[in-house]
2 protein chains.
Amino acid sequence: MPDHVEATGVVRWGPPYLLYLGGEADDLAIKTARGLAYWRPEWCIGQFRRSDCPLTLGLPDMHPAQAKAAGADTMVIGIANVGGMMGPGAVGDIVAALDAGLNVIAGLHQKLRDNPEIVAAARANGRVLFDARDANRAIPIGNGRKRPGRRLLTVGTDCSIGKMYTTLAIERSMRQRGLAADFRATGQTGMFVAGDGIAVDAVIADFIAGAAEQLSPARDDGGWDLIEGQGSLFHPLYAGVSLGLLHGSQPDALVLCHEPTRRHMRGLPDCPMPDLQRCLEANLSAARLTNSAVKAVGVALNTSGIAAHEAQAACREIEDRLGLPCQDPVTMGVETIVDHLLASCAS
Amino acid sequence: MPDHVEATGVVRWGPPYLLYLGGEADDLAIKTARGLAYWRPEWCIGQFRRSDCPLTLGLPDMHPAQAKAAGADTMVIGIANVGGMMGPGAVGDIVAALDAGLNVIAGLHQKLRDNPEIVAAARANGRVLFDARDANRAIPIGNGRKRPGRRLLTVGTDCSIGKMYTTLAIERSMRQRGLAADFRATGQTGMFVAGDGIAVDAVIADFIAGAAEQLSPARDDGGWDLIEGQGSLFHPLYAGVSLGLLHGSQPDALVLCHEPTRRHMRGLPDCPMPDLQRCLEANLSAARLTNSAVKAVGVALNTSGIAAHEAQAACREIEDRLGLPCQDPVTMGVETIVDHLLASCAS
């Protein structure tokens with residue numbers, strides 16, 4: 001894990017983790033905790049929920065002192081709600097974790113370091129605070145020049161639809177095939193999983209493309225950078241982030257992520273989901289501005305909302321319609337997508 | 001002018017202005033100073049250039065002490081270079097201005113308040129510093145809902161192509177016709193001209209659309225918000241800002257700004273300018289996500305780079321090709337564009 005300089009000196013944070021769920025009731029709001037528990041189960045020793053939290057990760061429930069006694073190093077604020085704010089009671093719970101001797105890391109827009117109570121508790125206990133969404137991180141403005149290397153970017157019909165999961169699954173598949181392939185994290189969960197990355201939605205707007213360039217710099221070993229996408233070109237609140245990441249990544253390959261039962265764009269009941277073909281075309285069209293050779297290589301379908309026997313049929317229907325392999329990365333893997341990637345983008 | 005709280009208490013900055021050009025040699029880099037001198041000539045009493053600066057606004061050259069003696073209140077860092085950084089010698093010149101008793105305001109990404117020498121001089125002299133590009137300003141995340149009011153947004157084939165000028169010219173024309181119409185500033189120059197606004201390229205990326213909503217809130221007096229556009233959907237470094245502003249503004253009307261002699265996108269020799277029709281279609285297509293009734297109502301052509309007798313022909317050619325009025329706002333005004341706006345968007 002990276003070093004961070006705090007008032008108490010250079011300190012480290014890292015696993016084992018206690019995952020904080022607060023009082024969140026929306027499963028999408030705890031996707032940070034869920035992602036960490038899924039991709040790094042060996043790092044997660046417990047969950048800390050408020051009494052009104054109906055969600056669970058299936059981990060042992062622990063208070064901070066219990067987690068510390070069980071060997072935990074750091075409490076992860078595993079929450080990614082709309083607006084990125086701490087919920088009721090969160091400050092008290094974070095102070096309790098610091099008092100119990102845990103470090104605390106978070107990816108909210110509302111910063112740990114901006115809360116005087118939290119900062120005081122960290123200092124008093126000699127603990128470190130880490131805000132993954134740090135807009136003050138020094139990022140150069142992009143230069144827009146074409147750079148060597150091969151890059152895949154996941155894009156989505158909506159936010160919170162499986163882009164990080166899909167990207168990590170592709171990394172796993174490619175590495176199992178003996179290929180050089182590296183996940184590039186663009187959100188808080190990915191950063192906690194990878195131990196590196198940039199939360200692009202927290203970057204100053206003028207520097208979004210520069211952040212994308214820094215995330216996947218020039219590369220000449222023949223390997224792939226697998227870049228976690230953010231938002232959607234069709235989400236009116238977040239499309240700017242998506243477009244800047246798309247341009248700055250200069251992707252050779254796109255994988256489109258979709259969830260077939262979602263009725264409307266996240267948080268916007270009046271905003272319908274885009275048609276898959278139209279969404280893919282819009283992403284390809286925008287991506288051609290910085291890489292005229294960009295190709296779509298697959299569709300990742302989150303079928304958790306439909307019956308198991310319908311999932312295969314849903315994938316086949318999309319394959320027929322778009323002419324691309326379609327799989328649910330969770331239940332089917334991503335092998336046909338990776339096969340198609342390697343066949344399409346052979347160097 | 002707005003109040004700002006500094007270490008020295010609540011203070012005001014405002015005209016008369018001394019415009020600082022530094023040692024900039026690229027005319028586009030001093031567009032902030034030029035815009036202020038053009039739109040608010042009565043506020044600008046002099047310019048302060050380094051000895052190597054080949055540019056001029058035609059104002060009297062003054063050092064800070066001369067400007068103070070002539071009645072200046074505030075020195076405006078009139079520079080908007082790529083990256084938004086202070087040039088060589090700028091810190092010393094700013095300290096000299098503070099020592100001479102002037103306030104200092106700037107719109108660079110590199111903040112006045114982050115430079116200890118500048119902050120110390122401001123405190124020692126009881127002067128105020130104002131950074132227009134303040135990412136720490138509290139901006140709510142957007143809500144994405146359709147809101148009442150009528151809005152026009154200027155969009156461009158490139159950056160630095162006349163969007164602010166065009167928007168201010170439309171405001172002037174509409175007000176002369178007795179209509180309620182308000183310029184909404186989205187960049188530093190516009191903010192210094194209007195005394196209000198948000199520098200959207202300095203907002204945290206997740207909040208671009210929220211900034212656009214705050215700039216042009218719900219309105220029910222039948223008047224128009226005229227929103228200054230930023231960047232271009234076809235500039236790979238800044239398209240994210242442009243798209244977020246486009247979505248968040250929910251524009252009823254778009255005016256496309258273009259400069260016919262520009263050979264490539266600003267700062268990117270390998271990136272060609274987009275075709276006008278394609279650029280307009282891309283903007284309309286993206287704008288429909290939040291306002292299905294959006295219309296293009298005109299083209300503003302910056303003809304400063306072509307012979308006077310060719311400018312009219314260039315406008316006619318575009319009018320024939322796009323079926324929209326086309327004028328150079330500087331030399332021809334914007335009356336046919338405003339006529340078409342009012343005819344197209346009659347409520």
# chains A, B, ... in the order shown; residues from 1 in each chain; ligands from 1
call {"tool": "interface_residues", "arguments": {"of": "chain A", "to": "chain B", "cutoff": "9 Å", "atoms": "only C-alpha atoms", "output": "CSV table (one decimal) with C-alpha atoms, in the first residue's frame"}}
result
chain,number,residue,atom,x,y,z
A,82,VAL,CA,-25.0,9.7,-4.8
A,83,GLY,CA,-23.2,13.0,-3.9
A,135,ALA,CA,-8.8,16.8,-6.2
A,140,PRO,CA,-0.6,17.6,-15.6
A,141,ILE,CA,-3.0,18.9,-18.3
A,142,GLY,CA,-3.1,16.3,-21.1
A,143,ASN,CA,-1.1,16.7,-24.2
A,144,GLY,CA,-3.5,14.9,-26.5
A,145,ARG,CA,-0.8,13.2,-28.5
A,200,VAL,CA,-11.2,10.7,-12.2
A,201,ASP,CA,-14.6,12.0,-11.0
A,202,ALA,CA,-12.7,14.0,-8.3
A,203,VAL,CA,-10.3,15.6,-10.7
A,204,ILE,CA,-10.6,19.3,-11.7
A,205,ALA,CA,-12.7,19.2,-14.9
A,206,ASP,CA,-9.9,20.7,-17.1
A,207,PHE,CA,-7.6,17.8,-16.1
A,208,ILE,CA,-9.9,14.8,-16.8
A,209,ALA,CA,-8.0,13.9,-20.0
A,210,GLY,CA,-4.7,14.5,-18.3
A,233,LEU,CA,-22.2,9.2,-22.1
A,234,PHE,CA,-25.9,9.0,-21.6
A,235,HIS,CA,-26.0,9.9,-17.9
A,236,PRO,CA,-26.7,13.7,-17.9
A,237,LEU,CA,-24.9,14.3,-14.6
A,238,TYR,CA,-21.7,12.3,-15.3
A,239,ALA,CA,-21.2,12.2,-19.1
A,240,GLY,CA,-18.4,14.8,-19.0
A,241,VAL,CA,-16.3,12.5,-16.9
A,242,SER,CA,-17.1,9.6,-19.3
A,243,LEU,CA,-16.2,11.6,-22.4
A,244,GLY,CA,-12.9,13.0,-20.9
A,245,LEU,CA,-11.8,9.5,-19.9
A,247,HIS,CA,-10.7,10.7,-25.2
A,248,GLY,CA,-7.8,10.6,-22.8
A,267,GLY,CA,-31.1,8.5,-9.8
A,268,LEU,CA,-33.1,9.9,-12.7
A,270,ASP,CA,-37.4,10.5,-16.1
A,271,CYS,CA,-34.3,9.6,-18.0
A,286,ALA,CA,-16.4,9.9,-29.7
A,289,LEU,CA,-11.4,11.5,-32.1
A,290,THR,CA,-8.3,10.2,-30.4
call {"tool": "select_by_dssp", "arguments": {"residues": "region 116-188 of chain B", "states": "strand (DSSP E)", "output": "PyMOL selection string"}}
result
chain B and resi 129-131+150-156+181-184
call {"tool": "write_last_selection", "arguments": {"atoms": "N, CA and C atoms", "output": "PDB file, in the first residue's frame"}}
result
ATOM      1  N   LEU B 129      -6.946  38.800  -2.294  1.00  0.00           N
ATOM      2  CA  LEU B 129      -6.647  37.940  -3.440  1.00  0.00           C
ATOM      3  C   LEU B 129      -7.924  37.198  -3.807  1.00  0.00           C
ATOM      4  N   PHE B 130      -8.197  37.075  -5.100  1.00  0.00           N
ATOM      5  CA  PHE B 130      -9.382  36.322  -5.523  1.00  0.00           C
ATOM      6  C   PHE B 130      -8.995  35.400  -6.672  1.00  0.00           C
ATOM      7  N   ASP B 131      -9.247  34.092  -6.476  1.00  0.00           N
ATOM      8  CA  ASP B 131      -8.998  33.092  -7.517  1.00  0.00           C
ATOM      9  C   ASP B 131     -10.335  32.681  -8.127  1.00  0.00           C
ATOM     10  N   ARG B 150     -35.796  29.636 -20.220  1.00  0.00           N
ATOM     11  CA  ARG B 150     -35.307  29.494 -21.581  1.00  0.00           C
ATOM     12  C   ARG B 150     -33.810  29.759 -21.606  1.00  0.00           C
ATOM     13  N   ARG B 151     -33.087  28.897 -22.290  1.00  0.00           N
ATOM     14  CA  ARG B 151     -31.629  28.965 -22.230  1.00  0.00           C
ATOM     15  C   ARG B 151     -31.002  28.826 -23.608  1.00  0.00           C
ATOM     16  N   LEU B 152     -30.031  29.675 -23.838  1.00  0.00           N
ATOM     17  CA  LEU B 152     -29.202  29.573 -25.043  1.00  0.00           C
ATOM     18  C   LEU B 152     -27.787  29.265 -24.592  1.00  0.00           C
ATOM     19  N   LEU B 153     -27.115  28.363 -25.308  1.00  0.00           N
ATOM     20  CA  LEU B 153     -25.720  28.030 -25.014  1.00  0.00           C
ATOM     21  C   LEU B 153     -24.911  28.207 -26.291  1.00  0.00           C
ATOM     22  N   THR B 154     -23.767  28.861 -26.170  1.00  0.00           N
ATOM     23  CA  THR B 154     -22.852  28.915 -27.309  1.00  0.00           C
ATOM     24  C   THR B 154     -21.932  27.690 -27.252  1.00  0.00           C
ATOM     25  N   VAL B 155     -21.738  27.060 -28.400  1.00  0.00           N
ATOM     26  CA  VAL B 155     -20.834  25.919 -28.501  1.00  0.00           C
ATOM     27  C   VAL B 155     -19.812  26.240 -29.587  1.00  0.00           C
ATOM     28  N   GLY B 156     -18.725  25.496 -29.635  1.00  0.00           N
ATOM     29  CA  GLY B 156     -17.671  25.859 -30.580  1.00  0.00           C
ATOM     30  C   GLY B 156     -17.050  24.677 -31.285  1.00  0.00           C
ATOM     31  N   ALA B 181     -32.715  39.245 -20.623  1.00  0.00           N
ATOM     32  CA  ALA B 181     -31.683  38.313 -21.074  1.00  0.00           C
ATOM     33  C   ALA B 181     -30.442  38.540 -20.231  1.00  0.00           C
ATOM     34  N   ASP B 182     -29.890  37.440 -19.707  1.00  0.00           N
ATOM     35  CA  ASP B 182     -28.757  37.555 -18.791  1.00  0.00           C
ATOM     36  C   ASP B 182     -27.624  36.635 -19.182  1.00  0.00           C
ATOM     37  N   PHE B 183     -26.463  37.236 -19.369  1.00  0.00           N
ATOM     38  CA  PHE B 183     -25.229  36.506 -19.629  1.00  0.00           C
ATOM     39  C   PHE B 183     -24.860  35.692 -18.402  1.00  0.00           C
ATOM     40  N   ARG B 184     -24.552  34.412 -18.597  1.00  0.00           N
ATOM     41  CA  ARG B 184     -24.113  33.545 -17.494  1.00  0.00           C
ATOM     42  C   ARG B 184     -22.672  33.131 -17.759  1.00  0.00           C
TER      43      ARG B 184
END
call {"tool": "atom_distance", "arguments": {"atom1": "CA of Leu36 (chain B)", "atom2": "CA of Gly126 (chain B)"}}
result
25.4 Å
call {"tool": "atom_distance", "arguments": {"atom1": "CA of Arg50 (chain B)", "atom2": "CA of Ala25 (chain B)"}}
result
10.6 Å
call {"tool": "residues_around", "arguments": {"residues": "Leu256 (chain B)", "least_positions_apart": "2", "cutoff": "8 Å", "atoms": "only C-alpha atoms", "output": "number ranges by chain"}}
result
B: 154-157, 254, 258, 280, 296, 298-300
call {"tool": "write_last_selection", "arguments": {"atoms": "N, CA and C atoms", "output": "PDB file, in the first residue's frame"}}
result
ATOM      1  N   THR B 154     -23.767  28.861 -26.170  1.00  0.00           N
ATOM      2  CA  THR B 154     -22.852  28.915 -27.309  1.00  0.00           C
ATOM      3  C   THR B 154     -21.932  27.690 -27.252  1.00  0.00           C
ATOM      4  N   VAL B 155     -21.738  27.060 -28.400  1.00  0.00           N
ATOM      5  CA  VAL B 155     -20.834  25.919 -28.501  1.00  0.00           C
ATOM      6  C   VAL B 155     -19.812  26.240 -29.587  1.00  0.00           C
ATOM      7  N   GLY B 156     -18.725  25.496 -29.635  1.00  0.00           N
ATOM      8  CA  GLY B 156     -17.671  25.859 -30.580  1.00  0.00           C
ATOM      9  C   GLY B 156     -17.050  24.677 -31.285  1.00  0.00           C
ATOM     10  N   THR B 157     -16.454  24.959 -32.448  1.00  0.00           N
ATOM     11  CA  THR B 157     -15.646  23.930 -33.097  1.00  0.00           C
ATOM     12  C   THR B 157     -14.337  23.740 -32.339  1.00  0.00           C
ATOM     13  N   LEU B 254     -28.923  26.596 -29.488  1.00  0.00           N
ATOM     14  CA  LEU B 254     -27.461  26.576 -29.589  1.00  0.00           C
ATOM     15  C   LEU B 254     -27.009  27.557 -30.661  1.00  0.00           C
ATOM     16  N   HIS B 258     -17.233  29.595 -34.683  1.00  0.00           N
ATOM     17  CA  HIS B 258     -16.208  28.997 -35.540  1.00  0.00           C
ATOM     18  C   HIS B 258     -15.248  30.075 -36.031  1.00  0.00           C
ATOM     19  N   LEU B 280     -22.094  20.565 -35.374  1.00  0.00           N
ATOM     20  CA  LEU B 280     -23.426  20.995 -34.955  1.00  0.00           C
ATOM     21  C   LEU B 280     -24.310  19.794 -34.638  1.00  0.00           C
ATOM     22  N   ALA B 296     -30.660  24.530 -33.220  1.00  0.00           N
ATOM     23  CA  ALA B 296     -29.565  25.429 -33.574  1.00  0.00           C
ATOM     24  C   ALA B 296     -30.185  26.686 -34.166  1.00  0.00           C
ATOM     25  N   GLY B 298     -28.084  29.638 -35.048  1.00  0.00           N
ATOM     26  CA  GLY B 298     -27.171  30.487 -35.796  1.00  0.00           C
ATOM     27  C   GLY B 298     -25.720  30.060 -35.670  1.00  0.00           C
ATOM     28  N   VAL B 299     -24.897  30.682 -36.520  1.00  0.00           N
ATOM     29  CA  VAL B 299     -23.455  30.450 -36.492  1.00  0.00           C
ATOM     30  C   VAL B 299     -22.763  31.797 -36.331  1.00  0.00           C
ATOM     31  N   ALA B 300     -21.854  31.862 -35.351  1.00  0.00           N
ATOM     32  CA  ALA B 300     -21.044  33.071 -35.161  1.00  0.00           C
ATOM     33  C   ALA B 300     -19.662  32.803 -35.732  1.00  0.00           C
TER      34      ALA B 300
END
call {"tool": "closest_residue", "arguments": {"among": "B:His340, B:Cys257, B:Leu28, B:Leu98", "to": "Cys315 (chain B)", "atoms": "only C-alpha atoms"}}
result
B:Cys257
call {"tool": "atom_distance", "arguments": {"atom1": "CA of Asp225 (chain A)", "atom2": "CA of Pro325 (chain A)"}}
result
20.5 Å
call {"tool": "select_by_dssp", "arguments": {"residues": "region 262-312 of chain A", "states": "helix (DSSP H, G or I)", "output": "ChimeraX atom specification"}}
result
/A:276-287,308-312
call {"tool": "write_last_selection", "arguments": {"atoms": "C-alpha atoms", "output": "short mmCIF file (atom, residue, chain, number, x, y, z; two decimals), in the first residue's frame"}}
result
data_model
loop_
_atom_site.label_atom_id
_atom_site.label_comp_id
_atom_site.auth_asym_id
_atom_site.auth_seq_id
_atom_site.Cartn_x
_atom_site.Cartn_y
_atom_site.Cartn_z
CA LEU A 276 -27.44 -0.62 -26.70
CA GLN A 277 -26.59 -0.09 -30.35
CA ARG A 278 -26.96 3.67 -30.08
CA CYS A 279 -24.86 3.77 -26.92
CA LEU A 280 -22.10 1.73 -28.54
CA GLU A 281 -22.13 3.88 -31.68
CA ALA A 282 -21.93 7.09 -29.63
CA ASN A 283 -18.95 5.76 -27.69
CA LEU A 284 -17.16 4.58 -30.83
CA SER A 285 -17.82 7.87 -32.58
CA ALA A 286 -16.41 9.89 -29.69
CA ALA A 287 -13.46 7.54 -29.22
CA ALA A 308 -30.67 -17.95 -14.73
CA HIS A 309 -32.27 -19.75 -17.68
CA GLU A 310 -33.03 -16.43 -19.34
CA ALA A 311 -29.51 -15.07 -18.98
CA GLN A 312 -28.00 -17.18 -21.76
#
call {"tool": "residues_around", "arguments": {"residues": "Cys44 (chain A)", "least_positions_apart": "2", "cutoff": "7 Å", "atoms": "only C-alpha atoms", "output": "CSV table (one decimal) with C-alpha atoms, in the first residue's frame"}}
result
chain,number,residue,atom,x,y,z
A,16,PRO,CA,-6.6,-6.4,6.9
A,17,TYR,CA,-9.7,-4.3,6.4
A,18,LEU,CA,-12.8,-3.7,8.4
A,37,ALA,CA,-15.0,-8.2,-0.4
A,41,PRO,CA,-11.7,-11.5,0.2
A,42,GLU,CA,-8.4,-12.5,1.9
A,46,GLY,CA,-15.3,-8.1,9.0
call {"tool": "residues_around", "arguments": {"residues": "region 87-93 of chain B", "least_positions_apart": "5", "cutoff": "8 Å", "atoms": "only C-alpha atoms", "output": "list in words"}}
result
Gly22, Gly23, Glu24, Glu117 and Ile118 of chain B
call {"tool": "write_last_selection", "arguments": {"atoms": "C-alpha atoms", "output": "mmCIF file, in the first residue's frame"}}
result
data_model
loop_
_atom_site.group_PDB
_atom_site.id
_atom_site.type_symbol
_atom_site.label_atom_id
_atom_site.label_comp_id
_atom_site.auth_asym_id
_atom_site.auth_seq_id
_atom_site.Cartn_x
_atom_site.Cartn_y
_atom_site.Cartn_z
ATOM 1 C CA GLY B 22 3.036 39.286 -18.133
ATOM 2 C CA GLY B 23 5.424 38.236 -20.866
ATOM 3 C CA GLU B 24 2.829 36.388 -22.939
ATOM 4 C CA GLU B 117 5.033 34.912 -1.064
ATOM 5 C CA ILE B 118 1.850 36.290 -2.597
#
